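Q: Just so it is clear, I am handing over target-v7.tsv, which has TSV, C-alpha atoms.
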chain	number	residue	atom	x	y	z
A	48	MET	CA	95.73	234.16	48.80
A	49	GLN	CA	98.36	233.39	46.23
A	50	ARG	CA	101.90	232.31	46.93
A	51	PRO	CA	104.53	234.60	45.36
A	52	LEU	CA	105.88	232.15	42.77
A	53	GLU	CA	102.66	230.45	41.74
A	54	GLY	CA	102.54	229.98	37.97
A	55	LEU	CA	106.29	229.54	37.58
A	56	LEU	CA	107.58	226.21	36.24
A	57	VAL	CA	111.03	225.17	37.44
A	58	LEU	CA	113.05	222.23	36.15
A	59	ASP	CA	115.34	221.12	38.97
A	60	LEU	CA	118.21	218.96	37.73
A	61	GLY	CA	120.13	219.42	40.96
A	62	HIS	CA	121.85	216.75	43.00
A	63	ILE	CA	123.01	216.49	46.62
A	64	TYR	CA	122.40	219.86	48.38
A	65	GLN	CA	123.32	223.05	46.51
A	66	ALA	CA	120.91	223.25	43.57
A	67	PRO	CA	118.16	221.17	45.24
A	68	TYR	CA	118.01	223.70	48.09
A	69	CYS	CA	117.46	226.48	45.57
A	70	GLY	CA	114.64	224.44	44.04
A	71	PHE	CA	113.23	223.71	47.51
A	72	LEU	CA	112.97	227.43	48.32
A	73	MET	CA	111.18	228.04	45.02
A	74	ALA	CA	108.76	225.15	45.62
A	75	MET	CA	107.97	226.45	49.09
A	76	ALA	CA	107.22	229.86	47.58
A	77	GLY	CA	104.62	228.31	45.28
A	78	ALA	CA	106.49	227.44	42.08
A	79	THR	CA	105.79	224.15	40.34
A	80	VAL	CA	109.17	222.43	40.64
A	81	ILE	CA	109.86	219.23	38.72
A	82	LYS	CA	112.74	217.26	40.20
A	83	ILE	CA	114.32	215.53	37.19
A	84	GLU	CA	116.61	212.61	38.02
A	85	PRO	CA	118.38	209.95	35.95
A	86	PRO	CA	116.72	206.50	35.85
A	87	THR	CA	118.93	205.33	38.71
A	88	GLY	CA	118.06	208.38	40.82
A	89	GLU	CA	120.27	211.26	41.92
A	90	PRO	CA	123.31	210.47	44.11
A	91	LEU	CA	121.58	211.52	47.33
A	92	ARG	CA	119.19	208.58	47.02
A	93	ARG	CA	122.11	206.17	47.35
A	94	ARG	CA	122.58	207.27	50.93
A	95	ALA	CA	119.41	205.37	51.80
A	96	MET	CA	121.69	202.37	52.29
A	97	VAL	CA	122.98	204.10	55.46
A	98	ALA	CA	120.58	204.49	58.37
A	99	GLY	CA	118.99	207.95	58.16
A	100	GLY	CA	120.83	208.67	54.92
A	101	SER	CA	117.65	209.34	52.96
A	102	VAL	CA	116.36	212.00	55.37
A	103	PRO	CA	118.24	214.85	53.57
A	104	GLN	CA	116.55	213.71	50.34
A	105	ALA	CA	113.19	214.08	52.08
A	106	MET	CA	114.19	217.48	53.51
A	107	LEU	CA	115.28	219.04	50.22
A	108	ASN	CA	112.63	217.74	47.85
A	109	SER	CA	109.37	218.42	49.65
A	110	ASN	CA	106.68	219.94	47.45
A	111	LYS	CA	108.40	218.88	44.21
A	112	LEU	CA	107.13	216.64	41.43
A	113	GLY	CA	109.30	213.64	40.60
A	114	LEU	CA	110.30	212.71	37.04
A	115	SER	CA	113.07	210.41	35.83
A	116	LEU	CA	114.65	211.07	32.42
A	117	ASP	CA	117.90	209.97	30.81
A	118	LEU	CA	119.32	213.21	29.40
A	119	LYS	CA	122.01	211.25	27.57
A	120	ASN	CA	119.29	209.53	25.55
A	121	PRO	CA	118.12	211.49	22.46
A	122	GLN	CA	114.48	210.69	23.19
A	123	GLY	CA	114.95	211.69	26.82
A	124	GLN	CA	116.48	214.95	25.63
A	125	GLU	CA	113.49	215.63	23.38
A	126	VAL	CA	111.07	215.19	26.29
A	127	PHE	CA	113.24	217.50	28.40
A	128	LEU	CA	113.23	220.14	25.65
A	129	GLN	CA	109.45	220.02	25.49
A	130	LEU	CA	109.43	220.85	29.19
A	131	VAL	CA	112.01	223.61	28.63
A	132	ASP	CA	109.61	225.21	26.15
A	133	ARG	CA	107.16	225.70	29.02
A	134	ALA	CA	109.65	226.39	31.81
A	135	ASP	CA	110.64	229.63	33.50
A	136	VAL	CA	113.75	228.32	35.26
A	137	VAL	CA	116.25	225.49	34.86
A	138	ILE	CA	118.53	224.75	37.84
A	139	GLU	CA	121.57	222.47	37.71
A	140	ASN	CA	124.84	221.87	39.51
A	141	PHE	CA	126.56	219.35	37.26
A	142	SER	CA	130.27	219.57	36.54
A	143	PRO	CA	131.03	222.68	34.47
A	144	GLY	CA	130.38	222.02	30.79
A	145	ALA	CA	128.37	218.82	31.34
A	146	MET	CA	125.14	220.25	29.97
A	147	ASP	CA	126.97	221.84	27.02
A	148	ARG	CA	128.41	218.45	26.09
A	149	LEU	CA	124.86	217.12	25.94
A	150	GLY	CA	123.79	220.00	23.74
A	151	LEU	CA	121.59	221.27	26.58
A	152	GLY	CA	123.67	224.18	27.87
A	153	HIS	CA	122.26	227.59	28.68
A	154	GLU	CA	122.83	229.09	25.25
A	155	ALA	CA	121.06	226.25	23.47
A	156	LEU	CA	118.11	226.26	25.87
A	157	ARG	CA	117.68	230.03	25.81
A	158	LYS	CA	117.67	230.04	22.00
A	159	ARG	CA	114.73	227.70	22.27
A	160	ASN	CA	113.05	229.65	25.10
A	161	PRO	CA	114.28	233.27	25.33
A	162	ARG	CA	112.39	233.85	28.60
A	163	LEU	CA	114.21	231.03	30.36
A	164	VAL	CA	116.37	231.73	33.41
A	165	TYR	CA	119.19	229.20	33.49
A	166	ALA	CA	120.82	228.83	36.90
A	167	CYS	CA	124.07	226.97	37.43
A	168	GLY	CA	125.71	226.12	40.73
A	169	SER	CA	129.27	224.84	41.11
A	170	GLY	CA	132.13	224.62	43.57
A	171	TYR	CA	134.60	227.06	42.05
A	172	GLY	CA	132.73	228.74	39.20
A	173	GLN	CA	132.23	228.24	35.48
A	174	THR	CA	135.39	230.20	34.65
A	175	GLY	CA	138.88	230.44	36.07
A	176	PRO	CA	141.71	227.98	36.74
A	177	ASP	CA	139.71	225.90	39.25
A	178	ARG	CA	136.70	225.48	36.97
A	179	ASN	CA	137.14	221.72	36.63
A	180	ARG	CA	138.34	221.05	40.15
A	181	LEU	CA	136.16	218.47	41.90
A	182	ALA	CA	134.12	220.17	44.58
A	183	MET	CA	132.38	218.88	47.68
A	184	ASP	CA	131.43	220.86	50.77
A	185	LEU	CA	134.47	219.58	52.67
A	186	THR	CA	136.93	220.48	49.92
A	187	VAL	CA	135.41	223.92	49.40
A	188	GLN	CA	135.63	224.57	53.15
A	189	ALA	CA	139.33	223.71	52.89
A	190	ALA	CA	139.93	225.81	49.78
A	191	VAL	CA	138.09	228.94	50.90
A	192	GLY	CA	139.77	229.15	54.33
A	193	ILE	CA	136.94	228.03	56.61
A	194	MET	CA	138.94	225.07	57.92
A	195	HIS	CA	142.06	227.19	58.41
A	196	THR	CA	140.09	229.52	60.69
A	197	THR	CA	138.09	226.86	62.56
A	198	GLY	CA	139.34	225.03	65.64
A	199	PHE	CA	141.70	225.89	68.47
A	200	PRO	CA	145.16	227.46	68.07
A	201	ASP	CA	146.99	224.33	69.20
A	202	GLY	CA	144.86	221.98	67.12
A	203	PRO	CA	144.54	221.07	63.45
A	204	PRO	CA	142.34	222.89	60.94
A	205	THR	CA	138.76	221.74	61.50
A	206	LYS	CA	135.74	221.66	59.25
A	207	ALA	CA	132.52	223.37	60.24
A	208	GLY	CA	130.10	220.70	61.40
A	209	PRO	CA	127.24	221.59	59.02
A	210	THR	CA	127.51	221.57	55.23
A	211	VAL	CA	127.80	225.35	55.13
A	212	CYS	CA	129.21	225.82	51.62
A	213	ASP	CA	126.56	223.75	49.86
A	214	PHE	CA	123.72	225.62	51.54
A	215	LEU	CA	125.34	229.04	51.18
A	216	GLY	CA	125.71	228.20	47.50
A	217	GLY	CA	122.07	227.13	47.26
A	218	THR	CA	120.81	230.23	49.04
A	219	HIS	CA	122.84	232.53	46.81
A	220	LEU	CA	121.66	230.61	43.75
A	221	TYR	CA	118.08	231.26	44.81
A	222	GLY	CA	118.90	234.96	45.13
A	223	ALA	CA	120.47	234.96	41.68
A	224	VAL	CA	117.42	233.26	40.15
A	225	MET	CA	115.03	235.72	41.77
A	226	THR	CA	117.18	238.65	40.62
A	227	ALA	CA	117.10	237.33	37.05
A	228	LEU	CA	113.32	236.83	37.23
A	229	PHE	CA	112.95	240.42	38.44
A	230	ALA	CA	115.07	241.61	35.51
A	231	ARG	CA	112.88	239.55	33.17
A	232	GLU	CA	109.84	241.50	34.36
A	233	ARG	CA	111.53	244.63	33.01
A	234	THR	CA	113.06	243.27	29.81
A	235	GLY	CA	110.97	240.25	28.91
A	236	LYS	CA	114.18	238.27	28.47
A	237	GLY	CA	115.56	235.43	30.53
A	238	GLY	CA	119.17	235.16	31.57
A	239	TYR	CA	122.04	233.04	32.80
A	240	VAL	CA	123.17	233.10	36.42
A	241	GLU	CA	125.86	231.10	38.19
A	242	VAL	CA	127.06	230.83	41.77
A	243	ALA	CA	130.24	229.23	43.05
A	244	MET	CA	130.17	227.79	46.54
A	245	GLN	CA	133.64	229.21	47.18
A	246	ASP	CA	132.49	232.71	46.25
A	247	ALA	CA	129.36	232.42	48.40
A	248	ALA	CA	131.36	231.30	51.45
A	249	TYR	CA	134.14	233.90	51.29
A	250	SER	CA	132.31	236.67	53.14
A	251	THR	CA	131.84	234.44	56.20
A	252	LEU	CA	135.54	235.04	56.89
A	253	ALA	CA	135.02	238.75	57.57
A	254	SER	CA	136.27	238.74	61.18
A	255	ALA	CA	139.27	236.53	60.43
A	256	ILE	CA	140.19	238.69	57.45
A	257	GLY	CA	139.95	241.73	59.70
A	258	MET	CA	142.44	240.12	62.09
A	259	HIS	CA	144.76	239.32	59.18
A	260	PHE	CA	144.88	242.89	57.92
A	261	GLY	CA	145.02	244.21	61.48
A	262	GLY	CA	148.31	242.40	62.01
A	263	LYS	CA	147.07	240.24	64.87
A	264	ALA	CA	147.64	236.90	63.18
A	265	ASP	CA	151.46	237.30	63.04
A	266	GLY	CA	151.60	234.73	60.29
A	267	LEU	CA	150.07	232.02	62.49
A	268	PRO	CA	146.86	230.11	61.72
A	269	PRO	CA	144.09	232.44	62.93
A	270	ARG	CA	142.21	229.71	64.80
A	271	THR	CA	140.61	231.16	67.89
A	272	GLY	CA	138.48	228.29	69.18
A	273	ASN	CA	135.20	229.67	70.45
A	274	SER	CA	136.57	233.20	70.89
A	275	HIS	CA	135.78	235.92	68.37
A	276	ALA	CA	137.39	235.12	65.02
A	277	GLY	CA	139.15	238.48	65.07
A	278	LEU	CA	139.89	238.38	68.80
A	279	ALA	CA	138.17	241.74	68.84
A	280	MET	CA	135.33	241.17	71.34
A	281	ALA	CA	135.18	240.07	74.98
A	282	PRO	CA	133.37	238.30	76.42
A	283	TYR	CA	132.69	236.22	73.35
A	284	ASN	CA	132.97	232.52	74.03
A	285	VAL	CA	131.32	229.26	74.99
A	286	TYR	CA	131.42	228.84	78.75
A	287	PRO	CA	130.88	225.72	80.86
A	288	ALA	CA	127.65	225.26	82.80
A	289	SER	CA	127.18	222.60	85.43
A	290	ASP	CA	125.28	220.47	82.89
A	291	GLY	CA	126.70	221.57	79.53
A	292	TRP	CA	127.70	224.82	77.86
A	293	ILE	CA	126.36	228.29	77.14
A	294	ALA	CA	127.40	230.84	74.50
A	295	ILE	CA	127.65	234.43	75.71
A	296	ILE	CA	128.54	237.50	73.67
A	297	VAL	CA	128.75	241.15	74.73
A	298	VAL	CA	128.35	243.62	71.86
A	299	THR	CA	127.70	246.91	73.65
A	300	GLU	CA	128.82	248.43	76.95
A	301	GLU	CA	125.22	248.18	78.10
A	302	HIS	CA	125.37	244.42	77.50
A	303	TRP	CA	128.47	244.28	79.72
A	304	ASP	CA	126.78	246.14	82.53
A	305	ARG	CA	123.78	243.83	82.26
A	306	LEU	CA	126.03	240.78	82.41
A	307	LEU	CA	127.74	242.11	85.52
A	308	ARG	CA	124.33	242.52	87.17
A	309	ALA	CA	123.33	239.00	86.13
A	310	MET	CA	126.56	237.75	87.73
A	311	SER	CA	125.91	239.87	90.87
A	312	GLN	CA	129.11	241.79	90.12
A	313	ASP	CA	127.59	245.27	90.18
A	314	ALA	CA	130.70	246.64	91.90
A	315	LEU	CA	132.68	246.08	88.69
A	316	ILE	CA	130.44	248.39	86.65
A	317	GLY	CA	132.75	251.20	85.51
A	318	ASP	CA	135.94	249.34	86.48
A	319	ALA	CA	138.71	250.74	84.25
A	320	ARG	CA	139.96	247.26	83.32
A	321	PHE	CA	136.64	246.37	81.72
A	322	ARG	CA	135.00	249.71	80.93
A	323	SER	CA	135.14	249.41	77.11
A	324	ASN	CA	135.46	246.57	74.66
A	325	PRO	CA	139.14	247.39	73.93
A	326	ASP	CA	139.77	247.26	77.67
A	327	ARG	CA	138.06	243.88	77.95
A	328	VAL	CA	139.95	242.52	74.94
A	329	LYS	CA	143.19	243.58	76.60
A	330	HIS	CA	142.13	241.63	79.71
A	331	MET	CA	140.38	238.80	77.83
A	332	ALA	CA	141.75	236.02	80.04
A	333	ASP	CA	140.49	237.80	83.19
A	334	VAL	CA	137.07	238.37	81.59
A	335	ASP	CA	136.72	234.77	80.48
A	336	GLY	CA	137.87	233.52	83.86
A	337	MET	CA	135.29	235.65	85.66
A	338	VAL	CA	132.46	234.51	83.41
A	339	THR	CA	133.56	230.86	83.64
A	340	THR	CA	133.50	230.97	87.44
A	341	TRP	CA	129.92	232.22	87.30
A	342	THR	CA	128.58	229.91	84.61
A	343	SER	CA	130.16	226.82	86.16
A	344	ALA	CA	127.99	227.24	89.24
A	345	HIS	CA	124.69	227.16	87.33
A	346	THR	CA	122.76	224.90	85.01
A	347	ARG	CA	122.06	225.86	81.40
A	348	ALA	CA	118.43	226.56	82.28
A	349	GLU	CA	119.40	228.82	85.18
A	350	LEU	CA	121.89	230.71	83.00
A	351	GLU	CA	119.37	231.10	80.21
A	352	ALA	CA	116.80	232.50	82.65
A	353	LEU	CA	119.31	234.95	84.14
A	354	THR	CA	120.66	236.20	80.82
A	355	ARG	CA	117.14	236.63	79.43
A	356	LYS	CA	116.04	238.49	82.55
A	357	HIS	CA	118.95	240.92	82.30
A	358	GLY	CA	118.96	241.26	78.49
A	359	VAL	CA	122.32	239.60	77.77
A	360	PRO	CA	122.87	237.94	74.34
A	361	ALA	CA	123.28	234.28	75.25
A	362	ALA	CA	122.03	230.81	74.36
A	363	PRO	CA	122.64	227.36	75.76
A	364	VAL	CA	124.52	224.97	73.49
A	365	ARG	CA	121.69	222.59	72.65
A	366	THR	CA	121.79	219.04	71.44
A	367	LEU	CA	120.36	218.15	68.05
A	368	GLU	CA	117.46	216.42	69.78
A	369	GLU	CA	116.66	219.62	71.67
A	370	VAL	CA	116.71	221.63	68.44
A	371	LEU	CA	114.37	219.16	66.73
A	372	GLU	CA	111.86	219.76	69.55
A	373	ASP	CA	112.26	223.57	69.54
A	374	GLN	CA	108.87	224.96	70.53
A	375	GLY	CA	109.30	228.28	68.77
A	376	MET	CA	110.34	226.76	65.45
A	377	HIS	CA	107.40	224.35	65.58
A	378	GLU	CA	104.95	227.14	66.48
A	379	ARG	CA	106.25	229.27	63.61
A	380	GLY	CA	105.82	226.38	61.20
A	381	MET	CA	109.52	226.14	60.40
A	382	LEU	CA	109.69	222.60	61.77
A	383	ARG	CA	107.03	219.90	61.77
A	384	TRP	CA	106.71	216.23	62.58
A	385	VAL	CA	105.85	214.28	59.44
A	386	ASP	CA	104.95	210.67	58.81
A	387	HIS	CA	106.97	210.39	55.63
A	388	PRO	CA	106.13	207.47	53.30
A	389	GLU	CA	109.80	206.75	52.67
A	390	VAL	CA	111.72	207.62	55.84
A	391	GLY	CA	109.08	207.25	58.56
A	392	ARG	CA	108.31	209.75	61.30
A	393	VAL	CA	110.81	212.60	61.13
A	394	VAL	CA	111.07	216.35	61.66
A	395	LEU	CA	111.21	218.21	58.34
A	396	PRO	CA	111.78	221.94	57.70
A	397	SER	CA	109.64	224.45	55.88
A	398	THR	CA	111.07	227.58	54.27
A	399	PRO	CA	112.80	230.21	56.44
A	400	LEU	CA	111.30	232.91	54.18
A	401	ARG	CA	108.27	234.71	55.60
A	402	ILE	CA	106.36	236.83	53.10
A	403	GLU	CA	103.45	239.01	54.14
A	404	GLY	CA	100.16	238.03	52.56
A	405	ALA	CA	101.39	234.66	51.38
A	406	PRO	CA	99.88	231.59	53.03
A	407	PRO	CA	102.31	229.14	54.60
A	408	PRO	CA	103.18	226.34	52.21
A	409	ASP	CA	101.23	223.13	52.33
A	410	PHE	CA	103.40	220.07	52.78
A	411	ALA	CA	103.83	217.41	50.13
A	412	PRO	CA	106.43	214.72	50.86
A	413	SER	CA	109.45	214.38	48.60
A	414	PRO	CA	108.59	212.23	45.60
A	415	PHE	CA	109.60	208.67	44.99
A	416	LEU	CA	111.69	208.21	41.86
A	417	ASN	CA	109.53	209.06	38.81
A	418	GLN	CA	106.42	209.34	40.97
A	419	HIS	CA	104.80	212.11	38.93
A	420	GLU	CA	105.46	210.86	35.42
A	421	GLY	CA	101.71	210.86	34.69
A	422	GLU	CA	101.16	214.45	35.87
A	423	VAL	CA	104.22	215.82	34.08
A	424	LEU	CA	104.36	213.86	30.82
A	425	GLY	CA	100.70	212.96	30.62
A	426	ASP	CA	98.92	216.07	31.87
A	427	MET	CA	101.51	218.72	30.92
A	428	LEU	CA	102.86	217.33	27.65
A	429	GLY	CA	99.91	215.17	26.61
A	430	LEU	CA	101.92	211.97	26.17
A	431	ALA	CA	99.72	208.89	26.29
A	432	GLU	CA	100.68	205.95	28.48
A	433	ALA	CA	101.68	203.93	25.41
A	434	GLU	CA	104.02	206.74	24.32
A	435	ARG	CA	105.57	206.84	27.77
A	436	ASP	CA	106.04	203.09	27.77
A	437	ALA	CA	107.79	203.38	24.39
A	438	LEU	CA	110.14	205.96	25.90
A	439	ARG	CA	110.79	203.59	28.76
A	440	GLN	CA	111.58	200.76	26.37
A	441	ALA	CA	114.03	203.06	24.61
A	442	GLY	CA	115.77	203.80	27.92
A	443	ALA	CA	114.77	207.45	27.88
A	444	LEU	CA	112.37	207.31	30.81
A	445	GLY	CA	112.84	205.99	34.31
A	446	PRO	CA	111.05	202.98	35.80
A	447	ARG	CA	107.30	203.11	36.24
A	448	PHE	CA	106.39	204.23	39.74
A	449	THR	CA	104.37	201.72	41.72
A	450	PRO	CA	102.66	203.03	44.87
A	451	ARG	CA	103.88	201.33	48.03
Would you give me this structure, written as structure tokens?
A:
Amino acid sequence: MQRPLEGLLVLDLGHIYQAPYCGFLMAMAGATVIKIEPPTGEPLRRRAMVAGGSVPQAMLNSNKLGLSLDLKNPQGQEVFLQLVDRADVVIENFSPGAMDRLGLGHEALRKRNPRLVYACGSGYGQTGPDRNRLAMDLTVQAAVGIMHTTGFPDGPPTKAGPTVCDFLGGTHLYGAVMTALFARERTGKGGYVEVAMQDAAYSTLASAIGMHFGGKADGLPPRTGNSHAGLAMAPYNVYPASDGWIAIIVVTEEHWDRLLRAMSQDALIGDARFRSNPDRVKHMADVDGMVTTWTSAHTRAELEALTRKHGVPAAPVRTLEEVLEDQGMHERGMLRWVDHPEVGRVVLPSTPLRIEGAPPPDFAPSPFLNQHEGEVLGDMLGLAEAERDALRQAGALGPRFTPR
């Protein structure tokens, strides 16, 4: 069986999370992805100086080939262009205009290879007044409104714990690349696609925006803690258990009746105060108090068993260690324990995409810096070792990889 993207060659110039995640998804779908880094390595490698800092590098670059080129060096550029001639996709998330200043922007590359799909990720887009604004996940969370809507009403704006904007940007960039490749099947021509992290994150604010236009915010910061962002559903919260916390949400009236049965409160089924969601929202404090009294008397495991038995949407708030050991994710192949040559024994993810008829991806650990110089420059481009050494002497090629 063939993987969907087998035969595609992708040049991944990405750094940190956004573009590398796009390249990761393509590699896991079968594309040959060459991770091209400067001779000193991409910035994510520098985190190896902090304990565990190199694990994200291992997570995002599995199944990629590693090559180190200096794209500011004319000879390094020439090697890169030879790869562009063969490539289907180039991915980058440099500062807007950086590749153009090197003479390697999308217009120049697509003149050389008309079938090329050039994909560009950024914080605020390639156009507009914020084009050159420095962008990191934290600052984009602040700019797009995520921080303003996260936290409790009496507390400060709070960032989301995960790096949501980077990965939303990377996921949307993957979608843009695949859309452009689909269009190429019809036209024979490549294209240029770009995704801004801010644009990709905006739609996550749907409930808070609904509250804004519904007049509920009254000009105050719409931070609702663990309640629904639009204060439009009840119960919807994180409730204390005797040994932690559990998240419970009621979407339908049937869910509410099931929750009442789980709580042994059958007598309240049909009670006018709680009959519909608008009724429960009106009496949100009473609803949350009732649920809290029940959850506080049980462990997370007991609550999970009861809510599963009665068909109530709920989940215990798990620790990171518990998530890493998740039986279902390991059985599905999403997570796996790996003895990684660089970071030791760790849990690494596969792709969340499941495609019928495609075999699950084999695992190849993320490459060391310039690990696959021989395969890429020797086998693909036919450059002899002496030619590669000459490039290295000229500063165009990264250090020779020595197996550890």
Q: Nearest to A:Asp201 among A:Gly277, A:Glu154, A:Gln173, A:Arg270, with distances taken over all atoms listed in the file: which residue is it?
A: A:Arg270
Q: Give me, as a list in words, all polymer residues having an atom no more than 7 Å from stretch 242-246 of chain A, counting all atoms listed in the file and skipping those fewer than 4 positions away in the same chain.
A: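 Skipping anything fewer than 4 positions along the chain leaves Cys167, Gly168, Ser169, Gly170, Tyr171, Gly172, Val187, Val191, Cys212, Asp213, Leu215, Gly216, His219 and Leu220 of chain A.
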Q: Any chance you could work out the axis-aligned box around stretch 175-187 of chain A, listed atoms only, 3 Å on each side, giving centre and edge lengths in Å to one decimal, as JSON?
A:
{"center_x": 136.6, "center_y": 224.5, "center_z": 44.4, "size_x": 16.3, "size_y": 18.0, "size_z": 22.6}
Q: Atom CA of A:Arg451 and atom CA of A:Pro103, how far apart in Å?
A: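 According to the coordinates, atom CA of A:Pro103 and atom CA of A:Arg451 are separated by 20.5 Å.
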Q: Which polymer residues have any atom within 12 Å of an atom of A:Ala279, counting all atoms listed in the file, with same-chain residues fewer than 6 positions away left out, as a list in words?
A: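 After dropping sequence-adjacent residues, the list is Ser254, Ala255, Ile256, Gly257, Met258, His259, Gly261, Lys263, Thr271, Ile296, Val297, Val298, Ser323, Asn324, Pro325, Asp326, Arg327, Val328, Lys329, His330 and Met331 of chain A.
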Q: Given all atoms listed in the file as the basis, pick out the residue of A:Val393, A:Val80, A:Leu444, A:Ala155 nearest to A:Met106.
A: A:Val393
Q: Would you please work out which residue, of A:His275, A:Met376, A:Ala66, A:Phe415, is nearest to A:Gly222 when using only C-alpha atoms?
A: A:Ala66
Q: Return the single residue from A:Leu252, A:Thr342, A:Leu306, A:Pro412 that is closest to A:Ser289, with distances computed using all atoms listed in the file.
A: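 Of all the options, A:Thr342 lies closest to A:Ser289.
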Q: With distances taken over only C-alpha atoms, which of A:Met225, A:Pro269, A:Arg401, A:Glu125 is nearest to A:Leu428?
A: A:Glu125
Q: Using Å and a single decimal, report how far atom CA of A:Ala411 sits from atom CA of A:Asn110.
A: 4.7 Å
Q: Select all residues near (110.5, 225.1, 49.9) (cut-off 12 Å, inclusive, file coordinates), counting only C-alpha atoms, and output them as a PyMOL selection string.
A: chain A and resi 50+52+67-80+105-111+218+221+381+395-401+407-413
Q: Which one of A:Thr354, A:Thr340, A:Thr226, A:Asn273 sits closest to A:Trp303 if you count only C-alpha atoms?
A: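 Between A:Thr354, A:Thr340, A:Thr226, A:Asn273, the residue approaching A:Trp303 most closely is A:Thr354.
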Q: Please supply stretch 334-347 of chain A, rebuilt with N, CA and C atoms, as a compact mmCIF listing (two decimals), in the frame of the given file.
A:
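Wrote part.txt, looks like this:
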# COMPACT_ATOMS: atom_id res chain seq x y z
N VAL A 334 138.51 238.34 81.87
CA VAL A 334 137.07 238.37 81.59
C VAL A 334 136.52 236.96 81.47
N ASP A 335 137.20 236.14 80.66
CA ASP A 335 136.72 234.77 80.48
C ASP A 335 136.77 233.98 81.78
N GLY A 336 137.78 234.21 82.58
CA GLY A 336 137.87 233.52 83.86
C GLY A 336 136.72 233.90 84.78
N MET A 337 136.38 235.18 84.82
CA MET A 337 135.29 235.65 85.66
C MET A 337 133.96 235.04 85.23
N VAL A 338 133.71 235.05 83.92
CA VAL A 338 132.46 234.51 83.41
C VAL A 338 132.40 233.01 83.64
N THR A 339 133.52 232.32 83.44
CA THR A 339 133.56 230.86 83.64
C THR A 339 133.24 230.49 85.08
N THR A 340 133.78 231.24 86.03
CA THR A 340 133.50 230.97 87.44
C THR A 340 132.00 231.06 87.71
N TRP A 341 131.36 232.04 87.10
CA TRP A 341 129.92 232.22 87.30
C TRP A 341 129.11 231.13 86.62
N THR A 342 129.39 230.88 85.35
CA THR A 342 128.58 229.91 84.61
C THR A 342 128.73 228.50 85.18
N SER A 343 129.91 228.17 85.67
CA SER A 343 130.16 226.82 86.16
C SER A 343 129.28 226.47 87.36
N ALA A 344 128.79 227.47 88.03
CA ALA A 344 127.99 227.24 89.24
C ALA A 344 126.50 227.13 88.95
N HIS A 345 126.12 227.18 87.68
CA HIS A 345 124.69 227.16 87.33
C HIS A 345 124.43 226.16 86.21
N THR A 346 123.19 225.75 86.13
CA THR A 346 122.76 224.90 85.01
C THR A 346 122.50 225.77 83.78
N ARG A 347 122.38 225.11 82.63
CA ARG A 347 122.06 225.86 81.40
C ARG A 347 120.73 226.59 81.54
